[in-house]
>>> print(open('query_5.pdb').read())   # PDB, C-alpha atoms, pLDDT in the B column
ATOM      1  CA  MET A   1      -1.225  20.342   9.133  1.00 39.00           C
ATOM      2  CA  TRP A   2      -1.429  16.562   9.325  1.00 45.00           C
ATOM      3  CA  GLU A   3      -0.901  14.367   6.271  1.00 47.00           C
ATOM      4  CA  TYR A   4      -3.434  11.515   5.957  1.00 46.00           C
ATOM      5  CA  VAL A   5      -3.062  10.149   9.074  1.00 48.00           C
ATOM      6  CA  THR A   6       0.450  10.039   7.949  1.00 45.00           C
ATOM      7  CA  LEU A   7       0.167  13.399   9.590  1.00 44.00           C
ATOM      8  CA  ILE A   8       2.665  16.135   8.829  1.00 36.00           C
ATOM      9  CA  MET A   9       3.491  16.959  12.393  1.00 41.00           C
ATOM     10  CA  VAL A  10       7.146  16.443  13.143  1.00 41.00           C
ATOM     11  CA  LEU A  11       7.800  17.458  16.703  1.00 40.00           C
ATOM     12  CA  ILE A  12      11.037  15.577  17.328  1.00 39.00           C
ATOM     13  CA  MET A  13      11.641  15.729  21.042  1.00 39.00           C
ATOM     14  CA  GLU A  14      13.968  13.881  23.358  1.00 49.00           C
ATOM     15  CA  ASN A  15      12.200  11.298  25.554  1.00 66.00           C
ATOM     16  CA  GLY A  16       8.949  11.904  23.726  1.00 91.00           C
ATOM     17  CA  LEU A  17       6.011   9.726  22.800  1.00 95.00           C
ATOM     18  CA  TYR A  18       6.159   7.619  19.639  1.00 96.00           C
ATOM     19  CA  LEU A  19       2.699   7.410  18.026  1.00 96.00           C
ATOM     20  CA  TYR A  20       1.513   4.456  15.920  1.00 97.00           C
ATOM     21  CA  GLY A  21      -2.180   4.942  15.274  1.00 95.00           C
ATOM     22  CA  ILE A  22      -5.606   5.983  16.532  1.00 95.00           C
ATOM     23  CA  LEU A  23      -8.542   3.846  17.628  1.00 95.00           C
ATOM     24  CA  PRO A  24     -12.119   5.183  17.458  1.00 91.00           C
ATOM     25  CA  THR A  25     -12.830   4.598  21.137  1.00 85.00           C
ATOM     26  CA  ASN A  26     -11.481   5.747  24.483  1.00 78.00           C
ATOM     27  CA  ARG A  27     -12.238   2.363  26.032  1.00 81.00           C
ATOM     28  CA  VAL A  28      -9.426   0.014  25.100  1.00 85.00           C
ATOM     29  CA  ARG A  29      -8.526  -3.112  27.002  1.00 85.00           C
ATOM     30  CA  PRO A  30      -4.836  -3.565  27.915  1.00 83.00           C
ATOM     31  CA  LEU A  31      -2.595  -4.630  25.018  1.00 88.00           C
ATOM     32  CA  VAL A  32       0.416  -6.817  25.739  1.00 92.00           C
ATOM     33  CA  LEU A  33       2.516  -5.768  22.751  1.00 95.00           C
ATOM     34  CA  GLN A  34       5.980  -4.405  22.109  1.00 95.00           C
ATOM     35  CA  GLY A  35       6.785  -1.515  19.830  1.00 96.00           C
ATOM     36  CA  LEU A  36      10.032   0.022  18.650  1.00 96.00           C
ATOM     37  CA  ASP A  37      13.031  -0.526  20.915  1.00 95.00           C
ATOM     38  CA  LYS A  38      10.991  -3.260  22.623  1.00 95.00           C
ATOM     39  CA  GLN A  39       8.944  -0.653  24.459  1.00 96.00           C
ATOM     40  CA  PRO A  40       5.463  -1.671  25.666  1.00 96.00           C
ATOM     41  CA  ILE A  41       2.526  -0.411  23.635  1.00 96.00           C
ATOM     42  CA  GLN A  42       0.211   1.814  25.642  1.00 95.00           C
ATOM     43  CA  THR A  43      -2.985   3.727  24.904  1.00 94.00           C
ATOM     44  CA  HIS A  44      -3.967   7.250  25.815  1.00 94.00           C
ATOM     45  CA  ALA A  45      -7.472   8.687  25.491  1.00 93.00           C
ATOM     46  CA  VAL A  46      -7.900  12.099  23.897  1.00 91.00           C
ATOM     47  CA  ASN A  47     -11.584  12.987  23.798  1.00 88.00           C
ATOM     48  CA  GLU A  48     -13.325   9.925  22.310  1.00 89.00           C
ATOM     49  CA  PHE A  49     -10.204   8.563  20.600  1.00 93.00           C
ATOM     50  CA  SER A  50      -7.381   6.349  21.851  1.00 94.00           C
ATOM     51  CA  PHE A  51      -3.806   6.804  20.648  1.00 95.00           C
ATOM     52  CA  LEU A  52      -1.412   3.862  20.420  1.00 96.00           C
ATOM     53  CA  TYR A  53       2.043   4.864  21.590  1.00 96.00           C
ATOM     54  CA  SER A  54       5.273   3.811  23.272  1.00 96.00           C
ATOM     55  CA  GLN A  55       8.026   5.744  24.973  1.00 95.00           C
ATOM     56  CA  ALA A  56      10.496   6.993  22.381  1.00 95.00           C
ATOM     57  CA  GLN A  57      14.040   5.871  23.101  1.00 93.00           C
ATOM     58  CA  GLN A  58      15.627   7.824  20.269  1.00 92.00           C
ATOM     59  CA  GLU A  59      15.528  11.440  19.223  1.00 89.00           C
ATOM     60  CA  ARG A  60      14.796  10.332  15.666  1.00 91.00           C
ATOM     61  CA  TYR A  61      14.016   6.935  14.152  1.00 94.00           C
ATOM     62  CA  LEU A  62      15.691   6.104  10.856  1.00 95.00           C
ATOM     63  CA  ALA A  63      13.408   4.675   8.179  1.00 94.00           C
ATOM     64  CA  SER A  64      15.210   1.342   8.135  1.00 95.00           C
ATOM     65  CA  ARG A  65      13.470  -1.835   7.060  1.00 94.00           C
ATOM     66  CA  ARG A  66      13.528  -3.074  10.655  1.00 95.00           C
ATOM     67  CA  ASN A  67      11.926   0.074  12.046  1.00 96.00           C
ATOM     68  CA  LEU A  68       9.329   0.333   9.284  1.00 96.00           C
ATOM     69  CA  LEU A  69       8.301  -3.284   9.767  1.00 95.00           C
ATOM     70  CA  GLY A  70       8.203  -2.774  13.537  1.00 96.00           C
ATOM     71  CA  HIS A  71       5.833   0.157  13.107  1.00 97.00           C
ATOM     72  CA  GLU A  72       3.536  -1.757  10.759  1.00 95.00           C
ATOM     73  CA  GLN A  73       3.579  -4.906  12.891  1.00 95.00           C
ATOM     74  CA  VAL A  74       2.244  -2.997  15.892  1.00 97.00           C
ATOM     75  CA  LEU A  75      -0.749  -1.866  13.856  1.00 96.00           C
ATOM     76  CA  GLU A  76      -1.365  -5.324  12.430  1.00 94.00           C
ATOM     77  CA  GLN A  77      -1.142  -6.934  15.869  1.00 95.00           C
ATOM     78  CA  VAL A  78      -3.645  -4.450  17.257  1.00 95.00           C
ATOM     79  CA  MET A  79      -6.022  -5.358  14.425  1.00 92.00           C
ATOM     80  CA  GLN A  80      -5.493  -9.041  15.166  1.00 91.00           C
ATOM     81  CA  HIS A  81      -6.463  -8.328  18.775  1.00 90.00           C
ATOM     82  CA  GLY A  82      -9.919  -7.360  17.544  1.00 89.00           C
ATOM     83  CA  TYR A  83      -9.540  -3.640  16.837  1.00 92.00           C
ATOM     84  CA  ARG A  84     -10.229  -3.914  13.138  1.00 89.00           C
ATOM     85  CA  THR A  85     -10.843  -0.211  12.588  1.00 92.00           C
ATOM     86  CA  LEU A  86      -7.882   2.082  13.149  1.00 92.00           C
ATOM     87  CA  LEU A  87      -6.138   5.017  11.544  1.00 93.00           C
ATOM     88  CA  PRO A  88      -2.400   4.448  11.031  1.00 95.00           C
ATOM     89  CA  LEU A  89      -0.019   7.313  11.711  1.00 93.00           C
ATOM     90  CA  GLN A  90       3.097   8.015   9.714  1.00 91.00           C
ATOM     91  CA  PHE A  91       6.333   6.306  10.647  1.00 94.00           C
ATOM     92  CA  GLY A  92       8.626   8.317  12.911  1.00 93.00           C
ATOM     93  CA  LEU A  93       6.008  10.549  14.522  1.00 93.00           C
ATOM     94  CA  ILE A  94       7.218  11.668  17.959  1.00 93.00           C
ATOM     95  CA  VAL A  95       5.491  14.257  20.127  1.00 92.00           C
ATOM     96  CA  GLN A  96       6.473  15.750  23.447  1.00 90.00           C
ATOM     97  CA  ASP A  97       3.057  15.885  25.066  1.00 91.00           C
ATOM     98  CA  TRP A  98      -0.636  15.206  24.496  1.00 94.00           C
ATOM     99  CA  GLU A  99      -1.463  18.895  24.368  1.00 93.00           C
ATOM    100  CA  SER A 100       0.299  19.063  20.995  1.00 90.00           C
ATOM    101  CA  VAL A 101      -1.880  16.230  19.717  1.00 92.00           C
ATOM    102  CA  THR A 102      -5.026  17.982  20.916  1.00 93.00           C
ATOM    103  CA  THR A 103      -4.212  21.371  19.421  1.00 92.00           C
ATOM    104  CA  GLN A 104      -2.738  20.178  16.113  1.00 89.00           C
ATOM    105  CA  LEU A 105      -4.942  17.177  15.337  1.00 89.00           C
ATOM    106  CA  ILE A 106      -8.033  16.783  17.467  1.00 91.00           C
ATOM    107  CA  VAL A 107      -9.232  20.384  17.497  1.00 90.00           C
ATOM    108  CA  PRO A 108      -8.917  21.111  13.740  1.00 90.00           C
ATOM    109  CA  TYR A 109      -9.682  17.605  12.415  1.00 90.00           C
ATOM    110  CA  GLN A 110     -12.058  15.969  14.866  1.00 91.00           C
ATOM    111  CA  GLU A 111     -14.987  15.756  12.440  1.00 91.00           C
ATOM    112  CA  GLN A 112     -12.796  14.458   9.616  1.00 92.00           C
ATOM    113  CA  LEU A 113     -11.429  11.780  11.929  1.00 93.00           C
ATOM    114  CA  LYS A 114     -14.957  10.665  12.764  1.00 92.00           C
ATOM    115  CA  GLN A 115     -15.822  10.512   9.059  1.00 93.00           C
ATOM    116  CA  LEU A 116     -12.724   8.424   8.332  1.00 93.00           C
ATOM    117  CA  PHE A 117     -13.636   5.969  11.077  1.00 94.00           C
ATOM    118  CA  GLN A 118     -17.147   5.685   9.659  1.00 93.00           C
ATOM    119  CA  LYS A 119     -15.720   4.988   6.194  1.00 93.00           C
ATOM    120  CA  LEU A 120     -13.345   2.316   7.508  1.00 93.00           C
ATOM    121  CA  GLU A 121     -15.839   0.574   9.764  1.00 93.00           C
ATOM    122  CA  GLY A 122     -16.054  -3.077   8.702  1.00 90.00           C
ATOM    123  CA  LYS A 123     -13.494  -2.563   5.921  1.00 93.00           C
ATOM    124  CA  ARG A 124      -9.933  -3.724   5.352  1.00 93.00           C
ATOM    125  CA  GLU A 125      -7.141  -2.810   2.985  1.00 96.00           C
ATOM    126  CA  VAL A 126      -5.566  -5.383   0.703  1.00 97.00           C
ATOM    127  CA  GLY A 127      -2.784  -4.780  -1.782  1.00 97.00           C
ATOM    128  CA  VAL A 128      -1.801  -6.232  -5.144  1.00 98.00           C
ATOM    129  CA  LYS A 129       1.553  -5.770  -6.865  1.00 97.00           C
ATOM    130  CA  ILE A 130       2.188  -7.326 -10.284  1.00 97.00           C
ATOM    131  CA  PHE A 131       5.661  -8.099 -11.650  1.00 97.00           C
ATOM    132  CA  TRP A 132       6.681  -9.452 -15.049  1.00 93.00           C
ATOM    133  CA  GLU A 133       9.879 -10.608 -16.722  1.00 92.00           C
ATOM    134  CA  GLU A 134      10.281  -8.114 -19.550  1.00 88.00           C
ATOM    135  CA  THR A 135      12.632 -10.274 -21.646  1.00 86.00           C
ATOM    136  CA  GLU A 136      10.301 -13.253 -21.451  1.00 89.00           C
ATOM    137  CA  GLU A 137       7.310 -11.071 -22.342  1.00 86.00           C
ATOM    138  CA  LEU A 138       9.201  -9.652 -25.305  1.00 83.00           C
ATOM    139  CA  ASN A 139       9.957 -13.164 -26.523  1.00 82.00           C
ATOM    140  CA  ARG A 140       6.286 -14.094 -26.196  1.00 85.00           C
ATOM    141  CA  LEU A 141       5.305 -10.933 -28.036  1.00 80.00           C
ATOM    142  CA  MET A 142       7.558 -11.742 -30.976  1.00 77.00           C
ATOM    143  CA  ALA A 143       6.326 -15.347 -31.050  1.00 80.00           C
ATOM    144  CA  GLU A 144       2.691 -14.212 -31.104  1.00 78.00           C
ATOM    145  CA  HIS A 145       3.029 -11.403 -33.683  1.00 72.00           C
ATOM    146  CA  GLN A 146       4.313 -12.672 -36.991  1.00 72.00           C
ATOM    147  CA  ASP A 147       4.410  -9.208 -38.586  1.00 71.00           C
ATOM    148  CA  LEU A 148       6.741  -7.796 -35.940  1.00 68.00           C
ATOM    149  CA  ARG A 149       8.909 -10.900 -36.045  1.00 66.00           C
ATOM    150  CA  GLU A 150       9.224 -10.727 -39.823  1.00 65.00           C
ATOM    151  CA  LYS A 151      10.135  -7.028 -39.718  1.00 61.00           C
ATOM    152  CA  ARG A 152      12.809  -7.697 -37.138  1.00 62.00           C
ATOM    153  CA  ASP A 153      14.186 -10.738 -38.954  1.00 63.00           C
ATOM    154  CA  HIS A 154      14.159  -8.907 -42.282  1.00 61.00           C
ATOM    155  CA  LEU A 155      16.414  -6.194 -40.855  1.00 56.00           C
ATOM    156  CA  GLU A 156      18.893  -8.507 -39.153  1.00 63.00           C
ATOM    157  CA  GLY A 157      22.375  -8.425 -40.625  1.00 55.00           C
ATOM    158  CA  LYS A 158      21.643  -5.354 -42.749  1.00 51.00           C
ATOM    159  CA  PRO A 159      23.058  -1.863 -42.344  1.00 53.00           C
ATOM    160  CA  LEU A 160      20.209   0.162 -40.909  1.00 45.00           C
ATOM    161  CA  SER A 161      19.472   3.844 -41.027  1.00 52.00           C
ATOM    162  CA  MET A 162      18.648   5.649 -37.803  1.00 52.00           C
ATOM    163  CA  ASP A 163      15.040   5.995 -38.932  1.00 55.00           C
ATOM    164  CA  GLN A 164      14.778   2.229 -39.423  1.00 50.00           C
ATOM    165  CA  VAL A 165      16.233   1.530 -35.983  1.00 49.00           C
ATOM    166  CA  ILE A 166      13.912   4.045 -34.321  1.00 56.00           C
ATOM    167  CA  GLY A 167      10.921   2.826 -36.284  1.00 60.00           C
ATOM    168  CA  ILE A 168      11.129  -0.855 -35.368  1.00 63.00           C
ATOM    169  CA  GLY A 169      12.088   0.058 -31.804  1.00 68.00           C
ATOM    170  CA  GLN A 170       9.043   2.268 -31.359  1.00 78.00           C
ATOM    171  CA  GLU A 171       6.759  -0.343 -32.857  1.00 76.00           C
ATOM    172  CA  ILE A 172       8.005  -3.028 -30.466  1.00 79.00           C
ATOM    173  CA  GLU A 173       7.862  -0.642 -27.504  1.00 83.00           C
ATOM    174  CA  GLN A 174       4.252   0.256 -28.271  1.00 86.00           C
ATOM    175  CA  ALA A 175       3.326  -3.398 -28.578  1.00 84.00           C
ATOM    176  CA  MET A 176       4.916  -4.084 -25.186  1.00 86.00           C
ATOM    177  CA  GLN A 177       3.010  -1.186 -23.624  1.00 90.00           C
ATOM    178  CA  ASN A 178      -0.231  -2.543 -25.077  1.00 91.00           C
ATOM    179  CA  ARG A 179       0.619  -5.966 -23.686  1.00 91.00           C
ATOM    180  CA  GLN A 180       1.244  -4.505 -20.237  1.00 94.00           C
ATOM    181  CA  GLN A 181      -1.961  -2.492 -20.349  1.00 95.00           C
ATOM    182  CA  GLY A 182      -3.910  -5.597 -21.299  1.00 95.00           C
ATOM    183  CA  ILE A 183      -2.656  -7.373 -18.183  1.00 96.00           C
ATOM    184  CA  ILE A 184      -3.535  -4.401 -15.982  1.00 97.00           C
ATOM    185  CA  GLU A 185      -7.028  -4.109 -17.444  1.00 97.00           C
ATOM    186  CA  LYS A 186      -7.693  -7.798 -16.815  1.00 97.00           C
ATOM    187  CA  PHE A 187      -6.839  -7.310 -13.131  1.00 98.00           C
ATOM    188  CA  GLN A 188      -8.942  -4.151 -12.961  1.00 98.00           C
ATOM    189  CA  GLN A 189     -11.962  -5.816 -14.560  1.00 97.00           C
ATOM    190  CA  THR A 190     -11.709  -8.738 -12.156  1.00 97.00           C
ATOM    191  CA  LEU A 191     -10.855  -7.000  -8.876  1.00 98.00           C
ATOM    192  CA  ASN A 192     -12.266  -3.469  -9.034  1.00 98.00           C
ATOM    193  CA  PRO A 193     -15.934  -4.560  -8.761  1.00 97.00           C
ATOM    194  CA  LEU A 194     -15.104  -6.195  -5.403  1.00 97.00           C
ATOM    195  CA  ALA A 195     -13.715  -2.995  -3.868  1.00 97.00           C
ATOM    196  CA  GLU A 196     -15.381   0.067  -2.423  1.00 95.00           C
ATOM    197  CA  GLU A 197     -12.336   2.234  -3.122  1.00 96.00           C
ATOM    198  CA  ILE A 198      -9.152   1.721  -5.125  1.00 97.00           C
ATOM    199  CA  VAL A 199      -5.843   3.583  -4.939  1.00 96.00           C
ATOM    200  CA  GLU A 200      -3.328   3.036  -7.726  1.00 96.00           C
ATOM    201  CA  ASN A 201       0.219   3.761  -6.557  1.00 96.00           C
ATOM    202  CA  GLU A 202       3.463   4.277  -8.435  1.00 94.00           C
ATOM    203  CA  ASN A 203       5.442   1.221  -9.470  1.00 94.00           C
ATOM    204  CA  LEU A 204       8.422   0.665  -7.190  1.00 90.00           C
ATOM    205  CA  THR A 205      10.768  -1.284  -9.499  1.00 92.00           C
ATOM    206  CA  ASN A 206      11.422  -1.708 -13.217  1.00 89.00           C
ATOM    207  CA  THR A 207       9.791  -5.142 -13.174  1.00 93.00           C
ATOM    208  CA  MET A 208       6.644  -3.976 -11.359  1.00 96.00           C
ATOM    209  CA  ILE A 209       3.835  -3.100 -13.766  1.00 96.00           C
ATOM    210  CA  TYR A 210       0.938  -2.480 -11.362  1.00 97.00           C
ATOM    211  CA  ASN A 211       0.619  -1.473  -7.725  1.00 98.00           C
ATOM    212  CA  ALA A 212      -2.848  -1.015  -6.236  1.00 98.00           C
ATOM    213  CA  ALA A 213      -4.595  -0.987  -2.868  1.00 97.00           C
ATOM    214  CA  TYR A 214      -8.231  -1.976  -2.416  1.00 98.00           C
ATOM    215  CA  LEU A 215     -10.668  -1.161   0.381  1.00 97.00           C
ATOM    216  CA  ILE A 216     -13.009  -4.135   0.723  1.00 96.00           C
ATOM    217  CA  PRO A 217     -15.585  -5.374   3.251  1.00 95.00           C
ATOM    218  CA  TRP A 218     -13.723  -7.301   5.910  1.00 93.00           C
ATOM    219  CA  ASP A 219     -15.497 -10.621   5.434  1.00 93.00           C
ATOM    220  CA  THR A 220     -15.204 -10.686   1.620  1.00 95.00           C
ATOM    221  CA  GLU A 221     -11.431 -11.161   1.625  1.00 96.00           C
ATOM    222  CA  PRO A 222     -11.643 -14.919   0.855  1.00 96.00           C
ATOM    223  CA  ARG A 223     -13.539 -14.125  -2.351  1.00 97.00           C
ATOM    224  CA  PHE A 224     -10.941 -11.499  -3.273  1.00 97.00           C
ATOM    225  CA  SER A 225      -8.179 -14.029  -2.626  1.00 97.00           C
ATOM    226  CA  ASP A 226      -9.928 -16.564  -4.871  1.00 97.00           C
ATOM    227  CA  LYS A 227      -9.978 -14.008  -7.677  1.00 97.00           C
ATOM    228  CA  ILE A 228      -6.232 -13.495  -7.296  1.00 97.00           C
ATOM    229  CA  GLU A 229      -5.766 -17.254  -7.676  1.00 96.00           C
ATOM    230  CA  GLU A 230      -7.956 -17.246 -10.787  1.00 96.00           C
ATOM    231  CA  LEU A 231      -5.887 -14.454 -12.323  1.00 97.00           C
ATOM    232  CA  ASP A 232      -2.681 -16.322 -11.571  1.00 96.00           C
ATOM    233  CA  HIS A 233      -4.028 -19.363 -13.399  1.00 95.00           C
ATOM    234  CA  TYR A 234      -5.400 -17.217 -16.234  1.00 95.00           C
ATOM    235  CA  PHE A 235      -1.911 -15.882 -16.940  1.00 94.00           C
ATOM    236  CA  ASN A 236      -0.487 -19.379 -16.583  1.00 90.00           C
ATOM    237  CA  ASN A 237       1.660 -18.402 -13.576  1.00 85.00           C
ATOM    238  CA  ARG A 238       3.886 -16.250 -15.771  1.00 90.00           C
ATOM    239  CA  LEU A 239       3.432 -13.174 -13.574  1.00 94.00           C
ATOM    240  CA  ARG A 240       4.636 -12.688 -10.032  1.00 96.00           C
ATOM    241  CA  ILE A 241       1.699 -11.474  -7.989  1.00 97.00           C
ATOM    242  CA  ARG A 242       2.384 -10.159  -4.503  1.00 97.00           C
ATOM    243  CA  TYR A 243      -0.862 -10.114  -2.542  1.00 97.00           C
ATOM    244  CA  ASN A 244      -1.034  -8.566   0.924  1.00 96.00           C
ATOM    245  CA  ASN A 245      -4.351  -9.515   2.519  1.00 93.00           C
ATOM    246  CA  PHE A 246      -3.775  -7.937   5.930  1.00 89.00           C
ATOM    247  CA  THR A 247      -2.435  -4.444   6.466  1.00 90.00           C
ATOM    248  CA  ALA A 248      -3.360  -1.197   8.160  1.00 92.00           C
ATOM    249  CA  PRO A 249      -5.367   1.069   5.819  1.00 94.00           C
ATOM    250  CA  PHE A 250      -2.614   3.586   5.025  1.00 93.00           C
ATOM    251  CA  ASN A 251      -3.976   4.280   1.550  1.00 94.00           C
ATOM    252  CA  PHE A 252      -7.483   5.105   2.726  1.00 94.00           C
ATOM    253  CA  ALA A 253      -6.834   7.084   5.909  1.00 89.00           C
ATOM    254  CA  GLN A 254      -6.155  10.495   4.411  1.00 83.00           C
ATOM    255  CA  LEU A 255      -7.127  13.759   6.006  1.00 77.00           C
ATOM    256  CA  ASN A 256      -7.876  16.646   3.685  1.00 68.00           C
ATOM    257  CA  PRO A 257      -6.085  19.831   4.766  1.00 60.00           C
TER     258      PRO A 257
END
>>> encode(input="query_5.pdb", output="structure tokens")
Amino acid sequence: MWEYVTLIMVLIMENGLYLYGILPTNRVRPLVLQGLDKQPIQTHAVNEFSFLYSQAQQERYLASRRNLLGHEQVLEQVMQHGYRTLLPLQFGLIVQDWESVTTQLIVPYQEQLKQLFQKLEGKREVGVKIFWEETEELNRLMAEHQDLREKRDHLEGKPLSMDQVIGIGQEIEQAMQNRQQGIIEKFQQTLNPLAEEIVENENLTNTMIYNAAYLIPWDTEPRFSDKIEELDHYFNNRLRIRYNNFTAPFNFAQLNP
């Protein structure tokens, strides 16, 4: 079984073939690119598809930052060479021979692969991650809500029961959650109408409050970027917005088992 086209197929073999992604054509012009371990990127046709690969120089590739970036950079460079539509494969995928690819991927999933390529034709993935400074947001919250501020100030310097401590803490926590949700909804209302599909991922750090990927028509990216700028100004630059406008469509290249 293959996972998205982060396919669950771990055939770790010595001197195998390291796979990066799949192109929807078996006619690919030569690519002068380097992959992991500075190995040249090659293509191999299987039926009507072309697989991007290099010769594996290790039995297993550790998921280090260097290796992960090297994997992603190959895909991005291929897209920059004009192959805008591709299916990315999971990091670390090594196979011994092309027969394994045929029997485990092409034969059972050929129609799904074609459907994925049709969905991704003329589309690109962009990503938005939003970070905030929780202490600063808490200070703003207390400045903006007189009732909460007065409750807090009224209790300062007094012996408090556990119920009082829990009560004011829960009230402030709920207000912070509402504040966070308000920010997220503003981004959703602004950006979601521009996308054909949206995937909301888990937050990766304590300061990250939103992490989403958007599938948009390729040529509408400048408009999407303008909306990001508008949101940054709307929130008076108090948020850190990490916008990735060029990446392989990992979030939208999923095969159903």
>>> resolve_selection(input="query_5.pdb", expression="the PyMOL selection byres ((chain A and resi 18-23) around 6)", output="PyMOL selection string")
chain A and resi 17+24-25+49-56+86-89+93-94
>>> residues_around(input="query_5.pdb", residues="Gln115 (chain A)", least_positions_apart="3", cutoff="12 Å", atoms="all atoms listed in the file", output="ChimeraX atom specification")
/A:24,87,109-112,118-121,252-256
>>> resolve_selection(input="query_5.pdb", expression="the PyMOL selection byres ((chain A and resi 76) around 12)", output="PDB file with C-alpha atoms, keeping the file's coordinate frame")
ATOM      1  CA  TYR A  20       1.513   4.456  15.920  1.00 97.00           C
ATOM      2  CA  GLY A  21      -2.180   4.942  15.274  1.00 95.00           C
ATOM      3  CA  LEU A  33       2.516  -5.768  22.751  1.00 95.00           C
ATOM      4  CA  GLY A  35       6.785  -1.515  19.830  1.00 96.00           C
ATOM      5  CA  LEU A  69       8.301  -3.284   9.767  1.00 95.00           C
ATOM      6  CA  GLY A  70       8.203  -2.774  13.537  1.00 96.00           C
ATOM      7  CA  HIS A  71       5.833   0.157  13.107  1.00 97.00           C
ATOM      8  CA  GLU A  72       3.536  -1.757  10.759  1.00 95.00           C
ATOM      9  CA  GLN A  73       3.579  -4.906  12.891  1.00 95.00           C
ATOM     10  CA  VAL A  74       2.244  -2.997  15.892  1.00 97.00           C
ATOM     11  CA  LEU A  75      -0.749  -1.866  13.856  1.00 96.00           C
ATOM     12  CA  GLN A  77      -1.142  -6.934  15.869  1.00 95.00           C
ATOM     13  CA  VAL A  78      -3.645  -4.450  17.257  1.00 95.00           C
ATOM     14  CA  MET A  79      -6.022  -5.358  14.425  1.00 92.00           C
ATOM     15  CA  GLN A  80      -5.493  -9.041  15.166  1.00 91.00           C
ATOM     16  CA  HIS A  81      -6.463  -8.328  18.775  1.00 90.00           C
ATOM     17  CA  GLY A  82      -9.919  -7.360  17.544  1.00 89.00           C
ATOM     18  CA  TYR A  83      -9.540  -3.640  16.837  1.00 92.00           C
ATOM     19  CA  ARG A  84     -10.229  -3.914  13.138  1.00 89.00           C
ATOM     20  CA  THR A  85     -10.843  -0.211  12.588  1.00 92.00           C
ATOM     21  CA  LEU A  86      -7.882   2.082  13.149  1.00 92.00           C
ATOM     22  CA  LEU A  87      -6.138   5.017  11.544  1.00 93.00           C
ATOM     23  CA  PRO A  88      -2.400   4.448  11.031  1.00 95.00           C
ATOM     24  CA  ARG A 124      -9.933  -3.724   5.352  1.00 93.00           C
ATOM     25  CA  GLU A 125      -7.141  -2.810   2.985  1.00 96.00           C
ATOM     26  CA  ASN A 244      -1.034  -8.566   0.924  1.00 96.00           C
ATOM     27  CA  ASN A 245      -4.351  -9.515   2.519  1.00 93.00           C
ATOM     28  CA  PHE A 246      -3.775  -7.937   5.930  1.00 89.00           C
ATOM     29  CA  THR A 247      -2.435  -4.444   6.466  1.00 90.00           C
ATOM     30  CA  ALA A 248      -3.360  -1.197   8.160  1.00 92.00           C
ATOM     31  CA  PRO A 249      -5.367   1.069   5.819  1.00 94.00           C
ATOM     32  CA  PHE A 250      -2.614   3.586   5.025  1.00 93.00           C
TER      33      PHE A 250
END
>>> atom_distance(input="query_5.pdb", atom1="CA of Arg29 (chain A)", atom2="CA of Trp98 (chain A)")
20.1 Å
>>> atom_distance(input="query_5.pdb", atom1="CA of Thr207 (chain A)", atom2="CA of Arg240 (chain A)")
9.7 Å
>>> resolve_selection(input="query_5.pdb", expression="the PyMOL selection byres ((chain A and resi 226-236) around 9)", output="MDAnalysis selection string")
chainID A and resid 128 183 186:187 190:191 221:225 237:241 243
>>> closest_residue(input="query_5.pdb", among="A:Ile198, A:Val107, A:Leu113, A:Met208", to="Glu133 (chain A)", atoms="all atoms listed in the file")
A:Met208
>>> atom_distance(input="query_5.pdb", atom1="CA of Ile130 (chain A)", atom2="CA of Ile209 (chain A)")
5.7 Å
>>> closest_residue(input="query_5.pdb", among="A:Arg65, A:Lys114, A:Arg179, A:Lys123", to="Leu141 (chain A)", atoms="all atoms listed in the file")
A:Arg179
